[in-house]
Amino acid sequence: MSGAGSIAKPATVFRLRRHAPLAIGLTLILLLTTIALVSLVWTPFPPSKMQIMQKLKPPFEVGLLGTDQYGRDVLSLLMAGAWNSLSIALFAVTLGATIGVIIGLAAAAWQGLLETVTMRGCDVIFAVPPILSAMMLGAFIGPGRWTAILAIATFMVPVFTRITVGAARQIWTRDFILAARAAGKGPLLISWQHVLPNIIGPIIVQVTIQLGLAILTEAGLSFLGLGLPPPAPSWGRMLAESQTFLRAAPWLAILPGLAVALSVLGFNLIGDGLRDRLDPRQRGRI
C-alpha cells in the first residue's frame, strides 16, 4: 500500500505541474478579459479626463495607480487600453486565421501549382514585417484601428496558411480520405467534413499563441503612432508618452509594459498548455 501511494503521489504532482502553465495562462487571460469588459461600463475616472493640477501624481496619492502628465487616471487608461488591445488582437487574429485556413485547405486539396503559388506568396508576406505593412497602410488610409487590424491580420494569414497546409497534407494521405473519394466526395467537401476537424487542434493552439503576438504588435504600432489615434487609450501609446518622464514618473512606463508582458505571457502559457493537451504524443505523458 505504501509503495503504491509513493508512486501515485509523484505522478499526481507531475500531472499538476503539467497543467500549471495552462491554469496560470487561463487565470491571466480571464483577468484581462474581465478588466476589458468592465472598462466598457465603468472606470474609476473617465479615461480621457484631464486634470492638469493633478499631473504626475504617484500611485495611491491620486487614484490607485497615480496620474500621467495630463492628470489622467492611469488605472482608467490601463483598463480602457485592455479592451482596445484585446479587441484589436481578437479581430485581427480571427480574420487572419479564417483567411489563412481557407487558403491552406484549398492549397492542400488541389496541390500542384496552387500550392506552389500559395507557399511562395506566404514567403513574400513573411518578408514584410507587420510594422512596415502598417506604415504602408497608414500612408493610404491613415493610422487607426483598421490600420492595426489589417496590418496584423495580413501577417497572420501566411502563419495559418503554412500550418494548415502542413497538417492537411498529412490527413490527405489517410485511408479514410481514400474512402471518401471512393464515395464520390469532392475536394471541397472532404476538406470541410474530414480534413478540417482533424487539424483543428494545431490551429486552436496557434490562435492562442498569435493572440499574444497580436497584442504585442498592436502595442508596437501604437508606440509608433500607427495604432489607435488619441484620445483612445492604448498601452503602446502610454509607453511612448512615458519616455519623457522615466525619471520623474517611472510608473507610467512600468505599468503598461507590465500589462503587455502579462497578456503575452498568458496567451503563450495557454498555447503551450493546449499543445500538451491536444498533441497525441504528449497526451499519454500527462
# chains A, B, ... in the order shown; residues from 1 in each chain; ligands from 1

$ residues_around --residues "segment 45-51 of chain A" --least-positions-apart "4" --cutoff "9 Å" --atoms "only C-alpha atoms" --output "list in words"
Lys55, Gly63, Thr67, Tyr70, Gly71, Arg72, Asp73, Val74, Leu75, Ser76, Leu77, Leu78, Met79, Ala80, Pro231, Ala232 and Pro233 of chain A

$ write_last_selection --atoms "C-alpha atoms" --output "PDB file, in the first residue's frame"
ATOM      1  CA  LYS A  55      -0.464  65.624 -13.164  1.00  0.00           C
ATOM      2  CA  GLY A  63      -6.075  57.262  -7.600  1.00  0.00           C
ATOM      3  CA  THR A  67      -1.835  60.047 -12.878  1.00  0.00           C
ATOM      4  CA  TYR A  70      -2.071  65.298 -18.318  1.00  0.00           C
ATOM      5  CA  GLY A  71      -3.565  64.373 -14.973  1.00  0.00           C
ATOM      6  CA  ARG A  72      -5.445  61.374 -16.398  1.00  0.00           C
ATOM      7  CA  ASP A  73      -6.027  58.405 -14.118  1.00  0.00           C
ATOM      8  CA  VAL A  74      -3.534  55.670 -15.044  1.00  0.00           C
ATOM      9  CA  LEU A  75      -5.761  52.817 -13.836  1.00  0.00           C
ATOM     10  CA  SER A  76      -8.626  54.035 -16.040  1.00  0.00           C
ATOM     11  CA  LEU A  77      -6.267  54.292 -19.014  1.00  0.00           C
ATOM     12  CA  LEU A  78      -4.982  50.755 -18.433  1.00  0.00           C
ATOM     13  CA  MET A  79      -8.496  49.358 -18.138  1.00  0.00           C
ATOM     14  CA  ALA A  80      -9.715  51.037 -21.316  1.00  0.00           C
ATOM     15  CA  PRO A 231      -7.573  60.220 -27.210  1.00  0.00           C
ATOM     16  CA  ALA A 232      -8.393  56.483 -27.398  1.00  0.00           C
ATOM     17  CA  PRO A 233      -6.388  54.768 -24.617  1.00  0.00           C
TER      18      PRO A 233
END

$ residues_around --residues "Met135 of chain A" --least-positions-apart "2" --cutoff "12 Å" --atoms "only C-alpha atoms" --output "list in words"
Val128, Pro129, Pro130, Ile131, Leu132, Ser133, Leu137, Gly138, Ala139, Phe140, Ile141, Gly142, Pro143, Gly144, Thr147, Ala148, Leu150, Ala151, Ile152, Gly220, Leu221, Ser222, Leu224, Gly225, Leu226 and Gly227 of chain A

$ write_last_selection --atoms "N, CA and C atoms" --output "PDB file, in the first residue's frame"
ATOM      1  N   VAL A 128       7.799  40.967 -45.304  1.00  0.00           N
ATOM      2  CA  VAL A 128       7.391  42.328 -44.951  1.00  0.00           C
ATOM      3  C   VAL A 128       6.878  42.311 -43.509  1.00  0.00           C
ATOM      4  N   PRO A 129       7.611  42.873 -42.547  1.00  0.00           N
ATOM      5  CA  PRO A 129       7.167  42.872 -41.145  1.00  0.00           C
ATOM      6  C   PRO A 129       5.842  43.621 -40.989  1.00  0.00           C
ATOM      7  N   PRO A 130       5.039  43.265 -39.969  1.00  0.00           N
ATOM      8  CA  PRO A 130       3.752  43.945 -39.773  1.00  0.00           C
ATOM      9  C   PRO A 130       3.889  45.442 -39.526  1.00  0.00           C
ATOM     10  N   ILE A 131       5.003  45.863 -38.904  1.00  0.00           N
ATOM     11  CA  ILE A 131       5.204  47.295 -38.663  1.00  0.00           C
ATOM     12  C   ILE A 131       5.301  48.026 -39.993  1.00  0.00           C
ATOM     13  N   LEU A 132       6.057  47.449 -40.937  1.00  0.00           N
ATOM     14  CA  LEU A 132       6.204  48.074 -42.257  1.00  0.00           C
ATOM     15  C   LEU A 132       4.886  48.040 -43.020  1.00  0.00           C
ATOM     16  N   SER A 133       4.133  46.937 -42.866  1.00  0.00           N
ATOM     17  CA  SER A 133       2.816  46.858 -43.503  1.00  0.00           C
ATOM     18  C   SER A 133       1.901  47.953 -42.982  1.00  0.00           C
ATOM     19  N   LEU A 137       0.032  50.882 -45.033  1.00  0.00           N
ATOM     20  CA  LEU A 137      -1.411  51.064 -44.951  1.00  0.00           C
ATOM     21  C   LEU A 137      -1.755  52.449 -44.411  1.00  0.00           C
ATOM     22  N   GLY A 138      -0.960  52.904 -43.439  1.00  0.00           N
ATOM     23  CA  GLY A 138      -1.203  54.223 -42.881  1.00  0.00           C
ATOM     24  C   GLY A 138      -1.051  55.327 -43.907  1.00  0.00           C
ATOM     25  N   ALA A 139      -0.159  55.117 -44.881  1.00  0.00           N
ATOM     26  CA  ALA A 139       0.015  56.115 -45.930  1.00  0.00           C
ATOM     27  C   ALA A 139      -1.228  56.222 -46.810  1.00  0.00           C
ATOM     28  N   PHE A 140      -2.005  55.134 -46.910  1.00  0.00           N
ATOM     29  CA  PHE A 140      -3.199  55.124 -47.759  1.00  0.00           C
ATOM     30  C   PHE A 140      -4.467  55.475 -46.987  1.00  0.00           C
ATOM     31  N   ILE A 141      -4.645  54.883 -45.807  1.00  0.00           N
ATOM     32  CA  ILE A 141      -5.906  55.066 -45.090  1.00  0.00           C
ATOM     33  C   ILE A 141      -5.725  55.810 -43.771  1.00  0.00           C
ATOM     34  N   GLY A 142      -4.485  56.119 -43.392  1.00  0.00           N
ATOM     35  CA  GLY A 142      -4.246  56.837 -42.153  1.00  0.00           C
ATOM     36  C   GLY A 142      -4.186  55.896 -40.962  1.00  0.00           C
ATOM     37  N   PRO A 143      -3.536  56.318 -39.875  1.00  0.00           N
ATOM     38  CA  PRO A 143      -3.451  55.467 -38.684  1.00  0.00           C
ATOM     39  C   PRO A 143      -4.815  55.301 -38.029  1.00  0.00           C
ATOM     40  N   GLY A 144      -5.012  54.187 -37.368  1.00  0.00           N
ATOM     41  CA  GLY A 144      -6.278  53.944 -36.695  1.00  0.00           C
ATOM     42  C   GLY A 144      -6.480  52.470 -36.415  1.00  0.00           C
ATOM     43  N   THR A 147      -6.220  50.181 -39.510  1.00  0.00           N
ATOM     44  CA  THR A 147      -4.837  50.047 -39.963  1.00  0.00           C
ATOM     45  C   THR A 147      -4.123  48.964 -39.170  1.00  0.00           C
ATOM     46  N   ALA A 148      -4.285  48.999 -37.843  1.00  0.00           N
ATOM     47  CA  ALA A 148      -3.656  47.990 -36.992  1.00  0.00           C
ATOM     48  C   ALA A 148      -4.227  46.597 -37.271  1.00  0.00           C
ATOM     49  N   LEU A 150      -5.737  45.387 -40.031  1.00  0.00           N
ATOM     50  CA  LEU A 150      -5.350  44.877 -41.345  1.00  0.00           C
ATOM     51  C   LEU A 150      -3.874  44.512 -41.394  1.00  0.00           C
ATOM     52  N   ALA A 151      -3.026  45.317 -40.749  1.00  0.00           N
ATOM     53  CA  ALA A 151      -1.593  45.021 -40.744  1.00  0.00           C
ATOM     54  C   ALA A 151      -1.311  43.714 -40.007  1.00  0.00           C
ATOM     55  N   ILE A 152      -1.938  43.528 -38.846  1.00  0.00           N
ATOM     56  CA  ILE A 152      -1.719  42.306 -38.072  1.00  0.00           C
ATOM     57  C   ILE A 152      -2.325  41.108 -38.778  1.00  0.00           C
ATOM     58  N   GLY A 220       3.208  47.854 -30.278  1.00  0.00           N
ATOM     59  CA  GLY A 220       4.291  48.437 -31.054  1.00  0.00           C
ATOM     60  C   GLY A 220       3.793  49.448 -32.073  1.00  0.00           C
ATOM     61  N   LEU A 221       2.671  49.129 -32.730  1.00  0.00           N
ATOM     62  CA  LEU A 221       2.102  50.064 -33.702  1.00  0.00           C
ATOM     63  C   LEU A 221       1.646  51.349 -33.019  1.00  0.00           C
ATOM     64  N   SER A 222       0.996  51.216 -31.875  1.00  0.00           N
ATOM     65  CA  SER A 222       0.556  52.407 -31.142  1.00  0.00           C
ATOM     66  C   SER A 222       1.750  53.212 -30.639  1.00  0.00           C
ATOM     67  N   LEU A 224       4.445  53.615 -32.171  1.00  0.00           N
ATOM     68  CA  LEU A 224       4.945  54.379 -33.316  1.00  0.00           C
ATOM     69  C   LEU A 224       3.916  55.364 -33.866  1.00  0.00           C
ATOM     70  N   GLY A 225       2.734  55.411 -33.254  1.00  0.00           N
ATOM     71  CA  GLY A 225       1.704  56.323 -33.731  1.00  0.00           C
ATOM     72  C   GLY A 225       0.885  55.783 -34.879  1.00  0.00           C
ATOM     73  N   LEU A 226       0.934  54.454 -35.109  1.00  0.00           N
ATOM     74  CA  LEU A 226       0.203  53.843 -36.221  1.00  0.00           C
ATOM     75  C   LEU A 226      -1.022  53.068 -35.755  1.00  0.00           C
ATOM     76  N   GLY A 227      -1.286  53.084 -34.457  1.00  0.00           N
ATOM     77  CA  GLY A 227      -2.442  52.364 -33.928  1.00  0.00           C
ATOM     78  C   GLY A 227      -3.618  53.294 -33.717  1.00  0.00           C
TER      79      GLY A 227
END

$ residues_around --residues "Ala23 of chain A" --least-positions-apart "3" --cutoff "9 Å" --atoms "only C-alpha atoms" --output "PyMOL selection string"
chain A and resi 19-20+26-28+269-270+273

$ closest_residue --among "A:Leu40, A:Leu95, A:Met53, A:Val260" --to "Thr217 of chain A" --atoms "only C-alpha atoms"
A:Val260

$ residues_around --residues "Ile125 of chain A" --least-positions-apart "4" --cutoff "8 Å" --atoms "only C-alpha atoms" --output "ChimeraX atom specification"
/A:121,129,154-155,158

$ write_last_selection --atoms "C-alpha atoms" --output "short mmCIF file (atom, residue, chain, number, x, y, z; two decimals), in the first residue's frame"
data_model
loop_
_atom_site.label_atom_id
_atom_site.label_comp_id
_atom_site.auth_asym_id
_atom_site.auth_seq_id
_atom_site.Cartn_x
_atom_site.Cartn_y
_atom_site.Cartn_z
CA GLY A 121 3.05 34.12 -51.58
CA PRO A 129 7.17 42.87 -41.14
CA THR A 154 -2.08 40.34 -43.15
CA PHE A 155 0.89 38.96 -41.24
CA PRO A 158 0.68 33.11 -44.03
#

$ atom_distance --atom1 "atom CA of Leu252 of chain A" --atom2 "atom CA of Val93 of chain A"
28.4 Å

$ closest_residue --among "A:Asp68, A:Val38, A:Thr43, A:Gly100" --to "Met238 of chain A" --atoms "only C-alpha atoms"
A:Asp68

$ closest_residue --among "A:Ile149, A:Met156, A:Ile171, A:Leu31" --to "Phe91 of chain A" --atoms "only C-alpha atoms"
A:Ile149
